[in-house]
Amino acid sequence: MTLIRPFQGLRPAKDYGDEILAPPYDVLSSAEARQQAKDKPHSFLHISKPEIDLPEDISPYDPQVYAMAATNMAKLVDKNLLQQEQAPSYYAYRLTWAEVVMTGLVAAASVADYNSNRIRKHEYTRPVKEDDRVRQIEAVNAQTGPVMMAYPDAPNLDAILKQATLRDADMDVTGADGVRHQLWVIGAQETIKALTSGFEALPAIYIADGHHRSASASRISASRGGDADAIHHSFLSVIFPHHEMKILDYNRLVKDLNGHSVEDLLSAIAEHFTVSKSDQPVKPSRVGQFGMYVAGQWYELVVNPRLVPQDPVKSLDISILSAHLIEPLLGVSDPRKDDRIDFVGGIRGVGELSRRVDEGDWAIAFSIYATSMDALMAVAESGQVMPPKSTWFEPKLADGVVSLIFD
């Protein structure tokens with residue numbers, strides 16, 4: 001198999017995209033999904049979060065939930081509100097949000113290349129989340145949640161995608177969050193061949209968001225086996241030029257000062273950082289700069305450059321902050337399990353940090369400069385993993401734009 005291949009996507013019928021498209025399944029709680037899908041019988045949330053159509057006390061992992069997903073998808077197909085493409089196609093998918101414009105390719109990516117690490121990873125996965133996706137995929141016989149990926153510099157691929165979007169979009173929907181989702185079907189055989197060969201020439205592509213979705217697809221592929229060309233040996237992906245992708249900061253809150261007074265903590269921090277008071281909330285504008293809010297005061301922290309190693313993971317700003325402040329001074333050594341730390345996506349702004357500290361539930365907050373795509377790709381190339389909660393991608397892919405139906 002090639003790195004990517006076209007497929008017969010299942011997508012909203014003309015003029016129904018606005019009714020069907022929904023936020024990704026993993027950014028909403030069940031309660032939030034119930035509210036968003038209220039009075040929206042065709043929302044894809046009935047497929048991606050099907051517990052919303054069952055009693056509120058049901059576990060989202062109950063077998064009834066997955067059965068409901070299959071029932072709800074079948075209803076939309078039966079009503080011709082979701083329709084399958086007549087021939088294998090690629091799709092250009094553009095996200096527009098504020099100043100960000102990202103145009104990627106919707107394709108079926110090779111599980112074999114995922115398994116061999118030609119499709120690079122940078123995160124660990126959790127078995128319970130993998131199990132959930134496997135059950136959902138098996139129930140609906142499709143992969144409905146796309147994996148967001150990036151490809152390295154390839155002007156030829158950028159040009160093909162640009163050309164594909166010069167006509168009116170086949171779907172054009174603006175969500176309640178202000179993100180515009182546009183889709184163009186790419187069915188011309190010459191263009192399909194050019195895209196397939198262009199991606200095949202790349203040494204690697206990189207998972208940005210969707211490690212559980214890709215890992216679950218690998219498990220499905222292994223369990224089903226059979227013909228190597230079967231579509232279940234692929235997974236649904238949207239692959240963007242890495243230079244167009246937007247990573248926001250992913251900030252930290254810590255419950256207490258680990259027995260330190262503010263004065264003692266500032267003195268200890270000063271051994272590794274230059275510390276300056278700030279009259280304004282600090283949103284870092286460069287690598288090595290941090291904001292800290294404690295006891296009603298913002299501080300700017302700048303790390304001593306001599307503390308920054310060459311290693312692609314240890315040199316990340318979040319690694320520096322963890323190694324020289326959060327772990328040794330605040331006592332948080334395992335952010336995956338310690339309930340004394342919380343994470344706030346940059347979409348909420350640094351004002352959210354001071355607000356939550358001022359409310360009294362958290363003692364100290366840190367704002368962090370956003371990880372770059374180049375840094376993420378360097379970690380993936382090294383075969384290592386990013387620290388937990390290192391990247392917050394915006395805008396996010398919608399569920400329901402295109403689904404990959406298995407044979």
# chains A, B, ... in the order shown; residues from 1 in each chain; ligands from 1

$ closest_atom_pairs --of "range 229-263 of chain A" --to "range 321-330 of chain A" --cutoff "12 Å" --atoms "only C-alpha atoms" --output "JSON lines"
{"residue": "A:Asn251", "atom": "CA", "partner": "A:Leu321", "partner_atom": "CA", "distance": 11.0}
{"residue": "A:Arg252", "atom": "CA", "partner": "A:Ile326", "partner_atom": "CA", "distance": 9.5}
{"residue": "A:Leu253", "atom": "CA", "partner": "A:Ile326", "partner_atom": "CA", "distance": 10.0}
{"residue": "A:Val254", "atom": "CA", "partner": "A:Leu330", "partner_atom": "CA", "distance": 7.8}
{"residue": "A:Lys255", "atom": "CA", "partner": "A:Leu330", "partner_atom": "CA", "distance": 9.2}
{"residue": "A:Asp256", "atom": "CA", "partner": "A:Leu330", "partner_atom": "CA", "distance": 7.6}
{"residue": "A:Leu257", "atom": "CA", "partner": "A:Leu330", "partner_atom": "CA", "distance": 5.8}
{"residue": "A:Asn258", "atom": "CA", "partner": "A:Leu330", "partner_atom": "CA", "distance": 5.0}
{"residue": "A:Gly259", "atom": "CA", "partner": "A:Leu330", "partner_atom": "CA", "distance": 8.4}
{"residue": "A:His260", "atom": "CA", "partner": "A:Leu329", "partner_atom": "CA", "distance": 8.3}
{"residue": "A:Ser261", "atom": "CA", "partner": "A:Leu329", "partner_atom": "CA", "distance": 11.3}
{"residue": "A:Val262", "atom": "CA", "partner": "A:Leu329", "partner_atom": "CA", "distance": 11.6}

$ residues_around --residues "Asn304 in chain A" --least-positions-apart "5" --cutoff "12 Å" --atoms "only C-alpha atoms" --output "list in words"
Ile269, Ala270, Glu271, His272, Phe273, Thr274, Val275, Val287, Gly288, Gln289, Phe290, Pro309, Asp317, Ile320, Leu321 and His324 of chain A

$ atom_distance --atom1 "CA of Ser234 in chain A" --atom2 "CA of Arg180 in chain A"
27.2 Å

$ atom_distance --atom1 "CA of Leu105 in chain A" --atom2 "CA of Phe44 in chain A"
21.1 Å

$ select_by_dssp --residues "range 315-367 of chain A" --states "alpha helix (DSSP H)" --output "list in words"
Asp317, Ile318, Ser319, Ile320, Leu321, Gly351, Glu352, Leu353, Ser354, Arg355, Arg356, Val357 and Asp358 of chain A

$ closest_atom_pairs --of "range 85-155 of chain A" --to "range 359-376 of chain A" --cutoff "12 Å" --atoms "only C-alpha atoms" --output "JSON lines"
{"residue": "A:Arg120", "atom": "CA", "partner": "A:Leu376", "partner_atom": "CA", "distance": 10.3}
{"residue": "A:Lys121", "atom": "CA", "partner": "A:Leu376", "partner_atom": "CA", "distance": 9.6}
{"residue": "A:His122", "atom": "CA", "partner": "A:Leu376", "partner_atom": "CA", "distance": 7.5}
{"residue": "A:Glu123", "atom": "CA", "partner": "A:Leu376", "partner_atom": "CA", "distance": 10.4}
{"residue": "A:Met149", "atom": "CA", "partner": "A:Met373", "partner_atom": "CA", "distance": 10.9}
{"residue": "A:Ala150", "atom": "CA", "partner": "A:Met373", "partner_atom": "CA", "distance": 8.7}
{"residue": "A:Tyr151", "atom": "CA", "partner": "A:Met373", "partner_atom": "CA", "distance": 10.4}
{"residue": "A:Pro152", "atom": "CA", "partner": "A:Asp374", "partner_atom": "CA", "distance": 9.3}
{"residue": "A:Asp153", "atom": "CA", "partner": "A:Asp374", "partner_atom": "CA", "distance": 11.0}

$ write_last_selection --atoms "C-alpha atoms" --output "mmCIF file, in the first residue's frame"
data_model
loop_
_atom_site.group_PDB
_atom_site.id
_atom_site.type_symbol
_atom_site.label_atom_id
_atom_site.label_comp_id
_atom_site.auth_asym_id
_atom_site.auth_seq_id
_atom_site.Cartn_x
_atom_site.Cartn_y
_atom_site.Cartn_z
ATOM 1 C CA ARG A 120 5.424 9.452 13.352
ATOM 2 C CA LYS A 121 3.911 9.560 16.843
ATOM 3 C CA HIS A 122 4.716 11.771 19.815
ATOM 4 C CA GLU A 123 2.264 10.644 22.533
ATOM 5 C CA MET A 149 -1.571 15.096 10.805
ATOM 6 C CA ALA A 150 1.128 17.290 9.289
ATOM 7 C CA TYR A 151 3.377 16.907 6.304
ATOM 8 C CA PRO A 152 6.811 18.562 5.996
ATOM 9 C CA ASP A 153 7.711 21.171 3.379
#

$ closest_atom_pairs --of "range 65-99 of chain A" --to "range 21-43 of chain A" --cutoff "12 Å" --atoms "only C-alpha atoms" --output "tab-separated table"
residue	atom	partner	partner_atom	distance
A:Val65	CA	A:Ser30	CA	11.7
A:Ala69	CA	A:Ser43	CA	11.9
A:Asn72	CA	A:His42	CA	8.9
A:Met73	CA	A:His42	CA	9.5
A:Ala74	CA	A:His42	CA	11.6
A:Lys75	CA	A:His42	CA	9.2
A:Leu76	CA	A:His42	CA	7.1
A:Val77	CA	A:His42	CA	10.8
A:Lys79	CA	A:His42	CA	10.2
A:Asn80	CA	A:His42	CA	11.4
A:Leu81	CA	A:His42	CA	8.2
A:Leu82	CA	A:His42	CA	9.7

$ write_last_selection --atoms "C-alpha atoms" --output "PDB file, in the first residue's frame"
ATOM      1  CA  VAL A  65     -23.906   3.189  23.671  1.00  0.00           C
ATOM      2  CA  ALA A  69     -24.121   4.851  17.481  1.00  0.00           C
ATOM      3  CA  ASN A  72     -28.114   6.589  14.627  1.00  0.00           C
ATOM      4  CA  MET A  73     -25.682   6.392  11.721  1.00  0.00           C
ATOM      5  CA  ALA A  74     -27.965   3.997   9.868  1.00  0.00           C
ATOM      6  CA  LYS A  75     -30.849   6.454  10.295  1.00  0.00           C
ATOM      7  CA  LEU A  76     -28.903   9.294   8.663  1.00  0.00           C
ATOM      8  CA  VAL A  77     -27.823   7.020   5.828  1.00  0.00           C
ATOM      9  CA  LYS A  79     -32.630   9.302   5.116  1.00  0.00           C
ATOM     10  CA  ASN A  80     -29.893  10.105   2.548  1.00  0.00           C
ATOM     11  CA  LEU A  81     -28.565  12.806   4.867  1.00  0.00           C
ATOM     12  CA  LEU A  82     -25.214  10.998   4.859  1.00  0.00           C
TER      13      LEU A  82
END

$ residues_around --residues "Ile160 in chain A" --least-positions-apart "5" --cutoff "10 Å" --atoms "only C-alpha atoms" --output "ChimeraX atom specification"
/A:92,105,155,165,191-192,194-195,198

$ write_last_selection --atoms "N, CA and C atoms" --output "PDB file, in the first residue's frame"
ATOM      1  N   ALA A  92     -10.155  18.137  -0.213  1.00  0.00           N
ATOM      2  CA  ALA A  92      -9.446  19.268   0.390  1.00  0.00           C
ATOM      3  C   ALA A  92     -10.346  19.831   1.484  1.00  0.00           C
ATOM      4  N   LEU A 105      -5.448  17.745   3.348  1.00  0.00           N
ATOM      5  CA  LEU A 105      -5.968  16.695   2.489  1.00  0.00           C
ATOM      6  C   LEU A 105      -6.613  15.615   3.339  1.00  0.00           C
ATOM      7  N   PRO A 155       6.161  22.011  -1.443  1.00  0.00           N
ATOM      8  CA  PRO A 155       5.445  23.032  -2.230  1.00  0.00           C
ATOM      9  C   PRO A 155       4.565  22.440  -3.324  1.00  0.00           C
ATOM     10  N   THR A 165      -8.968  24.155  -4.499  1.00  0.00           N
ATOM     11  CA  THR A 165      -9.903  25.007  -3.758  1.00  0.00           C
ATOM     12  C   THR A 165     -10.266  26.294  -4.506  1.00  0.00           C
ATOM     13  N   THR A 191      -5.238  14.270 -10.735  1.00  0.00           N
ATOM     14  CA  THR A 191      -4.926  14.920  -9.461  1.00  0.00           C
ATOM     15  C   THR A 191      -4.743  13.888  -8.361  1.00  0.00           C
ATOM     16  N   ILE A 192      -5.581  12.859  -8.371  1.00  0.00           N
ATOM     17  CA  ILE A 192      -5.451  11.792  -7.377  1.00  0.00           C
ATOM     18  C   ILE A 192      -4.074  11.132  -7.477  1.00  0.00           C
ATOM     19  N   ALA A 194      -1.335  12.440  -8.699  1.00  0.00           N
ATOM     20  CA  ALA A 194      -0.301  13.390  -8.296  1.00  0.00           C
ATOM     21  C   ALA A 194      -0.203  13.485  -6.771  1.00  0.00           C
ATOM     22  N   LEU A 195      -1.344  13.468  -6.102  1.00  0.00           N
ATOM     23  CA  LEU A 195      -1.335  13.527  -4.641  1.00  0.00           C
ATOM     24  C   LEU A 195      -0.776  12.233  -4.043  1.00  0.00           C
ATOM     25  N   GLY A 198       2.931  12.204  -4.708  1.00  0.00           N
ATOM     26  CA  GLY A 198       3.592  13.276  -3.958  1.00  0.00           C
ATOM     27  C   GLY A 198       3.775  12.917  -2.497  1.00  0.00           C
TER      28      GLY A 198
END

$ closest_residue --among "A:Val303, A:Ala378, A:Leu236, A:Val350" --to "Ser216 in chain A" --atoms "only C-alpha atoms"
A:Leu236

$ closest_residue --among "A:Leu161, A:Ala70, A:Ala230, A:Ile20" --to "Arg5 in chain A" --atoms "only C-alpha atoms"
A:Ala230

$ atom_distance --atom1 "CA of Arg126 in chain A" --atom2 "CA of Ala215 in chain A"
9.8 Å

$ closest_residue --among "A:Val308, A:Val100, A:Val385, A:Ala380" --to "Tyr124 in chain A" --atoms "only C-alpha atoms"
A:Val385

$ residues_around --residues "Arg118 in chain A" --least-positions-apart "5" --cutoff "9 Å" --atoms "only C-alpha atoms" --output "ChimeraX atom specification"
/A:3,112-113,203-206

$ residues_around --residues "Ser223 in chain A" --least-positions-apart "3" --cutoff "12 Å" --atoms "only C-alpha atoms" --output "list in words"
Val134, Glu138, Ser216, Ala217, Ser218, Arg219, Ile220, Gly226, His232 and His233 of chain A

$ write_last_selection --atoms "C-alpha atoms" --output "CSV table (one decimal), in the first residue's frame"
chain,number,residue,atom,x,y,z
A,134,VAL,CA,-12.2,0.2,18.8
A,138,GLU,CA,-16.6,-1.9,15.1
A,216,SER,CA,-7.4,1.9,17.5
A,217,ALA,CA,-7.3,1.7,13.7
A,218,SER,CA,-4.1,-0.3,14.0
A,219,ARG,CA,-5.8,-2.7,16.3
A,220,ILE,CA,-8.8,-3.0,13.9
A,226,GLY,CA,-7.3,-10.4,5.3
A,232,HIS,CA,-9.8,-1.4,7.0
A,233,HIS,CA,-6.0,-1.3,6.8

$ decode --residues "range 91-120 of chain A" --atoms "N, CA and C atoms" --output "PDB file, in the first residue's frame"
ATOM      1  N   TYR A  91     -10.147  14.657  -0.605  1.00  0.00           N
ATOM      2  CA  TYR A  91     -10.919  15.850  -0.285  1.00  0.00           C
ATOM      3  C   TYR A  91      -9.972  16.912   0.249  1.00  0.00           C
ATOM      4  N   ALA A  92     -10.155  18.137  -0.213  1.00  0.00           N
ATOM      5  CA  ALA A  92      -9.446  19.268   0.390  1.00  0.00           C
ATOM      6  C   ALA A  92     -10.346  19.831   1.484  1.00  0.00           C
ATOM      7  N   TYR A  93      -9.788  20.022   2.667  1.00  0.00           N
ATOM      8  CA  TYR A  93     -10.547  20.475   3.839  1.00  0.00           C
ATOM      9  C   TYR A  93      -9.865  21.724   4.377  1.00  0.00           C
ATOM     10  N   ARG A  94     -10.601  22.828   4.365  1.00  0.00           N
ATOM     11  CA  ARG A  94     -10.037  24.099   4.843  1.00  0.00           C
ATOM     12  C   ARG A  94     -10.730  24.533   6.130  1.00  0.00           C
ATOM     13  N   LEU A  95      -9.916  24.891   7.110  1.00  0.00           N
ATOM     14  CA  LEU A  95     -10.388  25.467   8.357  1.00  0.00           C
ATOM     15  C   LEU A  95      -9.973  26.932   8.392  1.00  0.00           C
ATOM     16  N   THR A  96     -10.914  27.808   8.686  1.00  0.00           N
ATOM     17  CA  THR A  96     -10.613  29.237   8.797  1.00  0.00           C
ATOM     18  C   THR A  96     -11.102  29.718  10.158  1.00  0.00           C
ATOM     19  N   TRP A  97     -10.180  30.292  10.932  1.00  0.00           N
ATOM     20  CA  TRP A  97     -10.499  30.744  12.292  1.00  0.00           C
ATOM     21  C   TRP A  97      -9.625  31.955  12.593  1.00  0.00           C
ATOM     22  N   ALA A  98     -10.279  33.125  12.733  1.00  0.00           N
ATOM     23  CA  ALA A  98      -9.538  34.368  12.938  1.00  0.00           C
ATOM     24  C   ALA A  98      -8.497  34.524  11.828  1.00  0.00           C
ATOM     25  N   GLU A  99      -7.214  34.640  12.189  1.00  0.00           N
ATOM     26  CA  GLU A  99      -6.190  34.832  11.170  1.00  0.00           C
ATOM     27  C   GLU A  99      -5.626  33.510  10.648  1.00  0.00           C
ATOM     28  N   VAL A 100      -6.103  32.392  11.183  1.00  0.00           N
ATOM     29  CA  VAL A 100      -5.579  31.083  10.803  1.00  0.00           C
ATOM     30  C   VAL A 100      -6.374  30.515   9.629  1.00  0.00           C
ATOM     31  N   VAL A 101      -5.655  30.115   8.575  1.00  0.00           N
ATOM     32  CA  VAL A 101      -6.255  29.422   7.434  1.00  0.00           C
ATOM     33  C   VAL A 101      -5.410  28.179   7.176  1.00  0.00           C
ATOM     34  N   MET A 102      -6.032  27.000   7.307  1.00  0.00           N
ATOM     35  CA  MET A 102      -5.332  25.734   7.137  1.00  0.00           C
ATOM     36  C   MET A 102      -6.062  24.914   6.086  1.00  0.00           C
ATOM     37  N   THR A 103      -5.345  24.465   5.075  1.00  0.00           N
ATOM     38  CA  THR A 103      -5.956  23.641   4.034  1.00  0.00           C
ATOM     39  C   THR A 103      -5.215  22.313   3.965  1.00  0.00           C
ATOM     40  N   GLY A 104      -5.928  21.235   4.304  1.00  0.00           N
ATOM     41  CA  GLY A 104      -5.311  19.920   4.337  1.00  0.00           C
ATOM     42  C   GLY A 104      -5.995  18.941   3.412  1.00  0.00           C
ATOM     43  N   LEU A 105      -5.448  17.745   3.348  1.00  0.00           N
ATOM     44  CA  LEU A 105      -5.968  16.695   2.489  1.00  0.00           C
ATOM     45  C   LEU A 105      -6.613  15.615   3.339  1.00  0.00           C
ATOM     46  N   VAL A 106      -7.885  15.298   3.060  1.00  0.00           N
ATOM     47  CA  VAL A 106      -8.557  14.165   3.701  1.00  0.00           C
ATOM     48  C   VAL A 106      -8.208  12.918   2.892  1.00  0.00           C
ATOM     49  N   ALA A 107      -7.636  11.936   3.562  1.00  0.00           N
ATOM     50  CA  ALA A 107      -7.162  10.731   2.884  1.00  0.00           C
ATOM     51  C   ALA A 107      -7.245   9.551   3.822  1.00  0.00           C
ATOM     52  N   ALA A 108      -7.177   8.361   3.247  1.00  0.00           N
ATOM     53  CA  ALA A 108      -7.051   7.127   4.020  1.00  0.00           C
ATOM     54  C   ALA A 108      -5.554   6.840   4.154  1.00  0.00           C
ATOM     55  N   ALA A 109      -5.043   6.925   5.389  1.00  0.00           N
ATOM     56  CA  ALA A 109      -3.607   6.733   5.632  1.00  0.00           C
ATOM     57  C   ALA A 109      -3.320   5.278   5.968  1.00  0.00           C
ATOM     58  N   SER A 110      -2.149   4.835   5.617  1.00  0.00           N
ATOM     59  CA  SER A 110      -1.763   3.433   5.742  1.00  0.00           C
ATOM     60  C   SER A 110      -1.468   3.037   7.191  1.00  0.00           C
ATOM     61  N   VAL A 111      -2.176   2.033   7.701  1.00  0.00           N
ATOM     62  CA  VAL A 111      -1.872   1.496   9.018  1.00  0.00           C
ATOM     63  C   VAL A 111      -0.476   0.872   9.037  1.00  0.00           C
ATOM     64  N   ALA A 112      -0.081   0.227   7.941  1.00  0.00           N
ATOM     65  CA  ALA A 112       1.253  -0.375   7.884  1.00  0.00           C
ATOM     66  C   ALA A 112       2.338   0.687   8.088  1.00  0.00           C
ATOM     67  N   ASP A 113       2.146   1.860   7.508  1.00  0.00           N
ATOM     68  CA  ASP A 113       3.126   2.932   7.687  1.00  0.00           C
ATOM     69  C   ASP A 113       3.052   3.524   9.083  1.00  0.00           C
ATOM     70  N   TYR A 114       1.876   3.469   9.701  1.00  0.00           N
ATOM     71  CA  TYR A 114       1.765   3.856  11.112  1.00  0.00           C
ATOM     72  C   TYR A 114       2.546   2.863  11.970  1.00  0.00           C
ATOM     73  N   ASN A 115       2.350   1.575  11.706  1.00  0.00           N
ATOM     74  CA  ASN A 115       3.020   0.548  12.504  1.00  0.00           C
ATOM     75  C   ASN A 115       4.538   0.603  12.350  1.00  0.00           C
ATOM     76  N   SER A 116       5.012   0.985  11.168  1.00  0.00           N
ATOM     77  CA  SER A 116       6.463   1.035  10.926  1.00  0.00           C
ATOM     78  C   SER A 116       7.080   2.370  11.330  1.00  0.00           C
ATOM     79  N   ASN A 117       6.246   3.285  11.819  1.00  0.00           N
ATOM     80  CA  ASN A 117       6.660   4.616  12.286  1.00  0.00           C
ATOM     81  C   ASN A 117       7.044   5.562  11.155  1.00  0.00           C
ATOM     82  N   ARG A 118       6.645   5.256   9.930  1.00  0.00           N
ATOM     83  CA  ARG A 118       6.757   6.264   8.882  1.00  0.00           C
ATOM     84  C   ARG A 118       5.740   7.375   9.155  1.00  0.00           C
ATOM     85  N   ILE A 119       4.634   7.017   9.749  1.00  0.00           N
ATOM     86  CA  ILE A 119       3.712   7.996  10.316  1.00  0.00           C
ATOM     87  C   ILE A 119       4.110   8.153  11.773  1.00  0.00           C
ATOM     88  N   ARG A 120       4.755   9.259  12.064  1.00  0.00           N
ATOM     89  CA  ARG A 120       5.424   9.452  13.352  1.00  0.00           C
ATOM     90  C   ARG A 120       4.428   9.816  14.459  1.00  0.00           C
TER      91      ARG A 120
END
